[in-house]
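J.: One file is attached below, run07.txt, containing compact mmCIF, C-alpha atoms.
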```txt
# COMPACT_ATOMS: atom_id res chain seq x y z
CA MET A 1 70.43 98.01 99.49
CA LEU A 2 70.38 96.27 96.13
CA THR A 3 74.09 95.46 96.45
CA GLU A 4 75.51 93.13 99.05
CA PRO A 5 77.74 94.98 101.52
CA ARG A 6 81.41 94.07 101.36
CA SER A 7 81.32 93.52 105.11
CA GLY A 8 78.60 90.91 104.59
CA ARG A 9 80.70 89.01 102.06
CA LEU A 10 83.81 89.15 104.24
CA ALA A 11 81.94 87.95 107.34
CA ALA A 12 79.94 85.20 105.62
CA TRP A 13 82.74 83.64 103.59
CA GLY A 14 85.34 84.38 106.25
CA ASN A 15 83.21 82.44 108.75
CA ALA A 16 82.98 79.52 106.33
CA LEU A 17 86.77 79.56 105.99
CA LEU A 18 87.30 79.72 109.77
CA ALA A 19 84.97 76.72 110.12
CA GLY A 20 86.98 74.76 107.54
CA LEU A 21 84.00 74.50 105.17
CA ILE A 22 85.69 76.15 102.16
CA SER A 23 89.25 76.67 100.93
CA PRO A 24 91.16 79.97 101.27
CA ASP A 25 91.02 80.43 97.48
CA ASP A 26 87.24 80.01 97.46
CA ALA A 27 86.85 82.46 100.35
CA VAL A 28 88.97 85.11 98.62
CA HIS A 29 87.08 84.64 95.34
CA ARG A 30 83.72 85.08 97.07
CA VAL A 31 84.78 88.09 99.15
CA VAL A 32 86.49 89.98 96.34
CA ALA A 33 83.61 89.32 93.90
CA GLU A 34 83.67 92.10 91.26
CA ASP A 35 86.45 94.10 92.94
CA ALA A 36 90.01 93.77 91.69
CA LEU A 37 91.83 93.20 94.96
CA HIS A 38 91.31 93.16 98.75
CA ARG A 39 94.04 93.66 101.35
CA ILE A 40 94.11 94.00 105.15
CA ASP A 41 96.23 96.71 106.77
CA GLY A 42 97.15 97.12 110.43
CA LEU A 43 97.03 93.47 111.51
CA PRO A 44 99.06 92.71 114.66
CA GLY A 45 102.36 91.17 113.66
CA GLU A 46 102.32 92.59 110.13
CA ASP A 47 104.34 95.63 109.01
CA GLY A 48 101.99 96.65 106.19
CA PRO A 49 99.03 95.58 104.07
CA VAL A 50 98.73 91.85 103.35
CA GLY A 51 96.61 89.88 100.92
CA LEU A 52 93.18 88.70 101.98
CA SER A 53 94.13 85.02 102.22
CA LEU A 54 97.15 85.76 104.43
CA GLY A 55 95.11 88.28 106.43
CA LEU A 56 92.34 85.81 107.21
CA GLY A 57 94.97 83.25 108.17
CA ARG A 58 96.58 85.79 110.50
CA LEU A 59 93.20 86.47 112.15
CA ARG A 60 92.74 82.75 112.73
CA ALA A 61 96.24 82.54 114.25
CA LEU A 62 95.28 85.42 116.58
CA GLY A 63 92.40 83.34 117.89
CA THR A 64 89.52 84.67 115.78
CA THR A 65 86.66 82.17 115.69
CA GLY A 66 83.94 84.28 114.06
CA LEU A 67 83.21 87.48 112.16
CA ARG A 68 80.29 89.83 112.81
CA VAL A 69 78.88 92.63 110.65
CA ALA A 70 78.06 96.23 111.59
CA LEU A 71 76.00 98.50 109.29
CA PRO A 72 75.86 101.83 111.15
CA VAL A 73 74.41 105.12 109.93
CA THR A 74 74.15 108.50 111.62
CA GLY A 75 72.03 108.12 114.74
CA HIS A 76 72.04 104.33 114.61
CA PRO A 77 75.35 102.62 115.56
CA LEU A 78 74.04 99.22 114.45
CA GLY A 79 76.46 96.42 115.36
CA LEU A 80 79.13 98.64 116.92
CA SER A 81 80.59 98.38 120.41
CA GLY A 82 83.31 101.08 120.45
CA PRO A 83 85.73 102.63 120.99
CA PRO A 84 84.81 106.04 119.50
CA ASP A 85 87.69 106.07 116.98
CA PHE A 86 86.59 102.78 115.46
CA ASN A 87 82.92 103.74 115.57
CA ALA A 88 83.64 106.99 113.71
CA ARG A 89 85.55 105.21 110.98
CA ALA A 90 82.87 102.52 110.63
CA LEU A 91 80.16 105.18 110.52
CA SER A 92 81.99 106.97 107.72
CA ALA A 93 82.14 103.73 105.70
CA GLN A 94 78.64 102.70 106.90
CA GLU A 95 79.92 99.16 107.44
CA ALA A 96 82.51 97.16 109.34
CA VAL A 97 83.45 93.62 110.38
CA ILE A 98 84.18 92.65 113.99
CA ALA A 99 86.48 89.69 114.70
CA THR A 100 85.39 87.69 117.77
CA GLY A 101 86.98 84.97 119.85
CA GLY A 102 90.54 86.24 119.96
CA HIS A 103 92.05 89.71 119.92
CA PRO A 104 89.07 92.12 119.71
CA LEU A 105 89.66 93.66 116.28
CA GLY A 106 87.52 95.54 113.78
CA LEU A 107 87.93 95.86 110.02
CA VAL A 108 86.68 98.89 108.07
CA PRO A 109 86.84 98.97 104.25
CA GLU A 110 88.27 101.83 102.23
CA VAL A 111 87.58 101.63 98.49
CA TYR A 112 89.94 103.02 95.85
CA GLU A 113 88.55 103.48 92.33
CA ALA A 114 90.23 104.18 89.01
CA GLY A 115 88.68 104.30 85.56
CA PRO A 116 86.09 106.14 83.48
CA GLY A 117 83.26 107.93 85.26
CA GLY A 118 79.53 107.61 84.73
CA ALA A 119 77.09 104.79 85.36
CA ALA A 120 77.54 103.40 81.84
CA ALA A 121 81.25 102.87 82.48
CA ASP A 122 80.80 101.32 85.92
CA ALA A 123 81.82 97.86 84.69
CA ASP A 124 85.19 99.28 83.61
CA VAL A 125 86.03 100.81 86.99
CA HIS A 126 89.00 99.20 88.77
CA ARG A 127 88.26 98.88 92.51
CA GLU A 128 90.73 97.92 95.21
CA VAL A 129 89.69 97.59 98.85
CA VAL A 130 91.88 98.02 101.91
CA TRP A 131 90.43 96.74 105.19
CA HIS A 132 91.85 98.86 108.02
CA CYS A 133 92.31 96.80 111.18
CA LEU A 134 91.66 98.63 114.46
CA PRO A 135 91.18 97.60 118.11
CA VAL A 136 87.58 97.31 119.31
CA ARG A 137 85.88 96.77 122.65
CA ASP A 138 84.94 93.28 123.69
CA ALA A 139 81.28 94.16 124.30
CA PRO A 140 77.84 93.24 122.93
CA PRO A 141 77.07 94.92 119.57
CA ALA A 142 74.50 97.71 119.53
CA ASP A 143 70.86 97.02 118.58
CA VAL A 144 71.32 93.67 116.80
CA PRO A 145 68.09 91.60 116.95
CA SER A 146 67.74 87.85 117.08
CA LEU A 147 66.85 86.07 113.85
CA GLY A 148 63.32 85.46 115.10
CA GLU A 149 62.84 89.09 116.03
CA ALA A 150 64.26 90.24 112.69
CA GLU A 151 61.96 87.93 110.76
CA ARG A 152 58.88 89.25 112.56
CA GLU A 153 59.92 92.86 112.05
CA LEU A 154 60.59 92.25 108.35
CA ALA A 155 57.10 90.91 107.72
CA GLU A 156 55.65 94.20 108.96
CA ALA A 157 58.30 96.25 107.11
CA LEU A 158 57.45 94.48 103.84
CA ARG A 159 53.80 95.43 104.26
CA GLU A 160 54.73 99.03 105.06
CA ALA A 161 57.05 99.33 102.05
CA THR A 162 54.44 97.84 99.71
CA GLU A 163 51.72 100.17 101.04
CA LEU A 164 54.04 103.17 100.67
CA LEU A 165 54.74 102.32 97.04
CA SER A 166 51.02 101.97 96.45
CA ARG A 167 50.32 105.38 98.02
CA LEU A 168 53.05 106.95 95.90
CA ASP A 169 51.58 105.25 92.83
CA VAL A 170 55.08 104.41 91.60
CA ALA A 171 55.14 100.61 91.62
CA GLY A 172 56.93 99.64 88.43
CA SER A 173 56.78 103.15 86.95
CA GLY A 174 59.67 105.33 85.81
CA PRO A 175 63.23 104.45 84.78
CA VAL A 176 64.69 104.38 88.30
CA ALA A 177 61.97 102.08 89.59
CA GLU A 178 62.31 99.82 86.55
CA ALA A 179 66.10 99.63 86.93
CA ALA A 180 65.76 98.72 90.61
CA LEU A 181 63.23 96.01 89.85
CA GLU A 182 65.36 94.56 87.04
CA ALA A 183 68.45 94.49 89.27
CA TYR A 184 66.56 92.63 91.97
CA ARG A 185 65.00 90.16 89.51
CA ALA A 186 68.33 89.48 87.81
CA ARG A 187 70.00 88.74 91.12
CA ALA A 188 67.20 86.41 92.18
CA GLU A 189 67.23 84.61 88.82
CA ARG A 190 70.97 84.00 89.03
CA GLY A 191 70.23 81.81 92.04
CA ARG A 192 73.39 82.97 93.77
CA GLU A 193 74.29 81.54 97.13
CA VAL A 194 72.91 84.12 99.55
CA LEU A 195 75.03 83.01 102.50
CA ALA A 196 78.07 80.81 102.86
CA PRO A 197 78.03 77.19 104.08
CA GLY A 198 77.53 76.86 107.82
CA TYR A 199 74.68 79.35 108.14
CA PRO A 200 71.26 78.17 109.39
CA PRO A 201 68.41 78.14 106.82
CA ARG A 202 66.53 80.76 108.81
CA ALA A 203 69.40 83.22 108.32
CA VAL A 204 69.14 82.70 104.55
CA ARG A 205 65.38 83.40 104.67
CA VAL A 206 65.88 86.53 106.75
CA LEU A 207 68.62 87.90 104.48
CA GLU A 208 66.58 87.22 101.32
CA LEU A 209 63.56 89.00 102.82
CA ALA A 210 65.73 91.91 103.97
CA GLN A 211 67.09 92.24 100.44
CA ARG A 212 63.56 92.21 99.04
CA VAL A 213 62.53 94.99 101.42
CA GLY A 214 65.71 96.83 100.42
CA ALA A 215 64.70 96.60 96.76
CA LEU A 216 61.33 98.17 97.56
CA ILE A 217 63.06 100.95 99.52
CA THR A 218 65.33 101.67 96.56
CA ILE A 219 62.31 101.88 94.27
CA ALA A 220 60.51 104.26 96.62
CA GLN A 221 63.62 106.42 97.00
CA GLY A 222 63.99 106.58 93.25
CA ALA A 223 60.42 107.83 93.00
CA GLN A 224 61.07 111.02 94.93
CA GLY A 225 61.68 113.27 91.94
CA PRO A 226 59.16 114.87 89.55
CA GLN A 227 60.43 112.72 86.67
CA GLU A 228 59.29 109.61 88.56
CA HIS A 229 56.06 110.89 89.97
CA GLY A 230 54.76 112.59 86.86
CA SER A 231 54.14 115.90 88.64
CA ALA A 232 55.94 118.51 90.68
CA VAL A 233 56.96 117.20 94.10
CA SER A 234 57.58 119.72 96.85
CA ALA A 235 60.51 119.61 99.24
CA SER A 236 58.12 118.89 102.10
CA GLN A 237 56.66 115.91 100.21
CA ILE A 238 60.14 114.53 99.54
CA ALA A 239 61.02 114.96 103.23
CA ALA A 240 57.79 113.23 104.26
CA ARG A 241 58.55 110.27 102.00
CA ALA A 242 62.09 109.99 103.37
CA GLU A 243 60.71 110.06 106.91
CA ALA A 244 58.20 107.32 106.04
CA LEU A 245 60.96 105.14 104.58
CA ARG A 246 63.41 105.57 107.46
CA PRO A 247 61.95 102.99 109.90
CA VAL A 248 61.52 100.45 107.08
CA GLU A 249 65.13 100.92 106.00
CA ARG A 250 66.28 100.64 109.62
CA THR A 251 64.42 97.33 110.01
CA ALA A 252 65.97 95.94 106.83
CA ARG A 253 69.48 96.88 107.96
CA ARG A 254 68.93 95.31 111.41
CA ALA A 255 67.74 92.12 109.73
CA GLN A 256 70.76 92.03 107.44
CA VAL A 257 73.10 92.26 110.42
CA ALA A 258 71.15 89.57 112.28
CA ALA A 259 71.44 87.24 109.29
CA TYR A 260 75.18 87.78 108.74
CA ASN A 261 75.85 87.43 112.48
CA ALA A 262 73.78 84.25 112.82
CA TYR A 263 76.85 82.03 112.38
CA VAL A 264 78.59 83.58 115.39
CA GLU A 265 75.37 83.63 117.44
CA GLU A 266 74.79 79.91 116.75
CA ARG A 267 78.39 79.04 117.56
CA GLU A 268 78.25 80.94 120.87
CA ARG A 269 74.99 79.21 121.86
CA HIS A 270 76.55 75.80 121.38
```
Could I get this structure in the form of C-alpha cells?
T.:
Amino acid sequence: MLTEPRSGRLAAWGNALLAGLISPDDAVHRVVAEDALHRIDGLPGEDGPVGLSLGLGRLRALGTTGLRVALPVTGHPLGLSGPPDFNARALSAQEAVIATGGHPLGLVPEVYEAGPGGAAADADVHREVVWHCLPVRDAPPADVPSLGEAERELAEALREATELLSRLDVAGSGPVAEAALEAYRARAERGREVLAPGYPPRAVRVLELAQRVGALITIAQGAQGPQEHGSAVSASQIAARAEALRPVERTARRAQVAAYNAYVEERERH
C-alpha cells in the first residue's frame, strides 16, 4: 500500500475534472503519473479504445457526475455492487472505478509492461494501461464506511500495527523495512497533493492516515522472512503474522475507499 492505486488517481482527478476544477490536460497528467499511456476501451458509442481525455469526456456526455473506487480482495468485495462478471474482473485487478450519475459503468485497469526486468530496472519499464469499461449494477457499494467511521477505525489500526511491529522487533530493521520507510518518508517530503481539488479536508486526513498504516503493514510484511528477523521463522509463525495483519490491512483499504469516494458522498448529500 505504499503506492497509490491507479483507481484512486482516476477517481480523484476525474472527479475534479467533472466538477470543472481542473483542465482535461491536468487530469490526464495526474492520472497517468509515471505510466506511459492510459486508454479506455468498451465505452458506449465508441468502436475501440480511446484516449483518457476523450474517454472522460465521453463519460461526462453519458451523464456521469462522479467516480467511486473499489479495492476488492478475495473474501472482501470492497466497493463492488455487481454483476458477477464485473466483480470477478475487478477482483482479479484488485481495483476498479465505478461511474455514478449516468449509465452505471465500471472501469477495470489492465496493465501492459515492456522493458528490462528486475527491481533495479523498474524505472525503465514502459507501462500502458487499458481501462476496460463494463456495465455495473446501480446499487450501494459493499462495505464502504463513512469518513468518520474510517477515521475512528484507523486510529485503532495504527495502534495495532505499531504494537505488532514492536512485538516482531523489526521497527526500522532489515533492508525491506528500511526501503519501505524510505519510500514513505520520500513521498511525504515531496508534499504531493494527496487528493484532487474538491475533496473535503477530512478525506485528505483519512487518506494520509490510511497510507501511513499501509506503510507499517508493508514493513511488517517485509519482516516475515529469516533475513529480516535475524533467526529462523517457522511457517506457522509467518501464518500467524499474516493473520494478525489482515484486519489492519482491511481497515486501511476501507479507509482508502472512503476517502476517494468522499467527493461523490458529499455531492449526493447536497
J.: Quick one: of A:Ser236, A:Ser53, A:Gln94, A:Thr65, who's nearest to A:Gly79, counting all atoms listed in the file?
T.: A:Gln94
J.: If you measure from atom CA of A:Leu21 to atom CA of A:Ala150, what distance in Å do you get, rounded to one decimal?
T.: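 Computing it gives 26.3 Å between the two atoms.
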J.: Give me the stretch 129-173 of chain A side of the contact with stretch 24-38 of chain A, cut-off 12 Å, one line per residue showing its nearest atom pair and distance in Å at one decimal, counting all atoms listed in the file, sorted by chain and residue number, as JSON lines.
T.:
```
{"residue": "A:Val129", "atom": "CA", "partner": "A:His38", "partner_atom": "CA", "distance": 4.7}
{"residue": "A:Val130", "atom": "CA", "partner": "A:His38", "partner_atom": "CA", "distance": 5.8}
{"residue": "A:Trp131", "atom": "CA", "partner": "A:His38", "partner_atom": "CA", "distance": 7.4}
{"residue": "A:His132", "atom": "CA", "partner": "A:His38", "partner_atom": "CA", "distance": 10.9}
```
J.: Which of these residues is nearest to A:Ala210, using all atoms listed in the file: A:His103, A:Arg269, A:Gly14, A:Ala155?
T.: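 Comparing A:His103, A:Arg269, A:Gly14, A:Ala155 against A:Ala210, the winner is A:Ala155.
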J.: Residues at most 10 Å from A:Ile22, counting all atoms listed in the file, excluding those fewer than 6 positions away in the same chain, as a PyMOL selection string?
T.: chain A and resi 13-16+196-198
J.: Within 8 Å of A:Tyr263, counting all atoms listed in the file, which residues qualify if same-chain residues fewer than 2 places away don't, as a VMD selection string?
T.: chain A and resid 15 66 198 to 200 260 to 261 265 to 267
J.: Name the closest residue to A:Arg205 among the candidates A:Ala239, A:Val248, A:Leu147, A:Leu56; distances are taken between atoms, counting all atoms listed in the file.
T.: A:Leu147
J.: Between atom CA of A:Ala142 and atom CA of A:Ile98, what is the distance in Å, rounded to a tenth?
T.: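 Interatomic distance here is 12.2 Å.
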J.: Using all atoms listed in the file, determine which residues lie at most 12 Å from A:Leu59, disregarding the query and same-chain residues fewer than 2 positions distant; provide the list as an MDAnalysis selection string.
T.: chainID A and resid 14:15 17:18 40:46 50 52:57 61:67 98:107 133
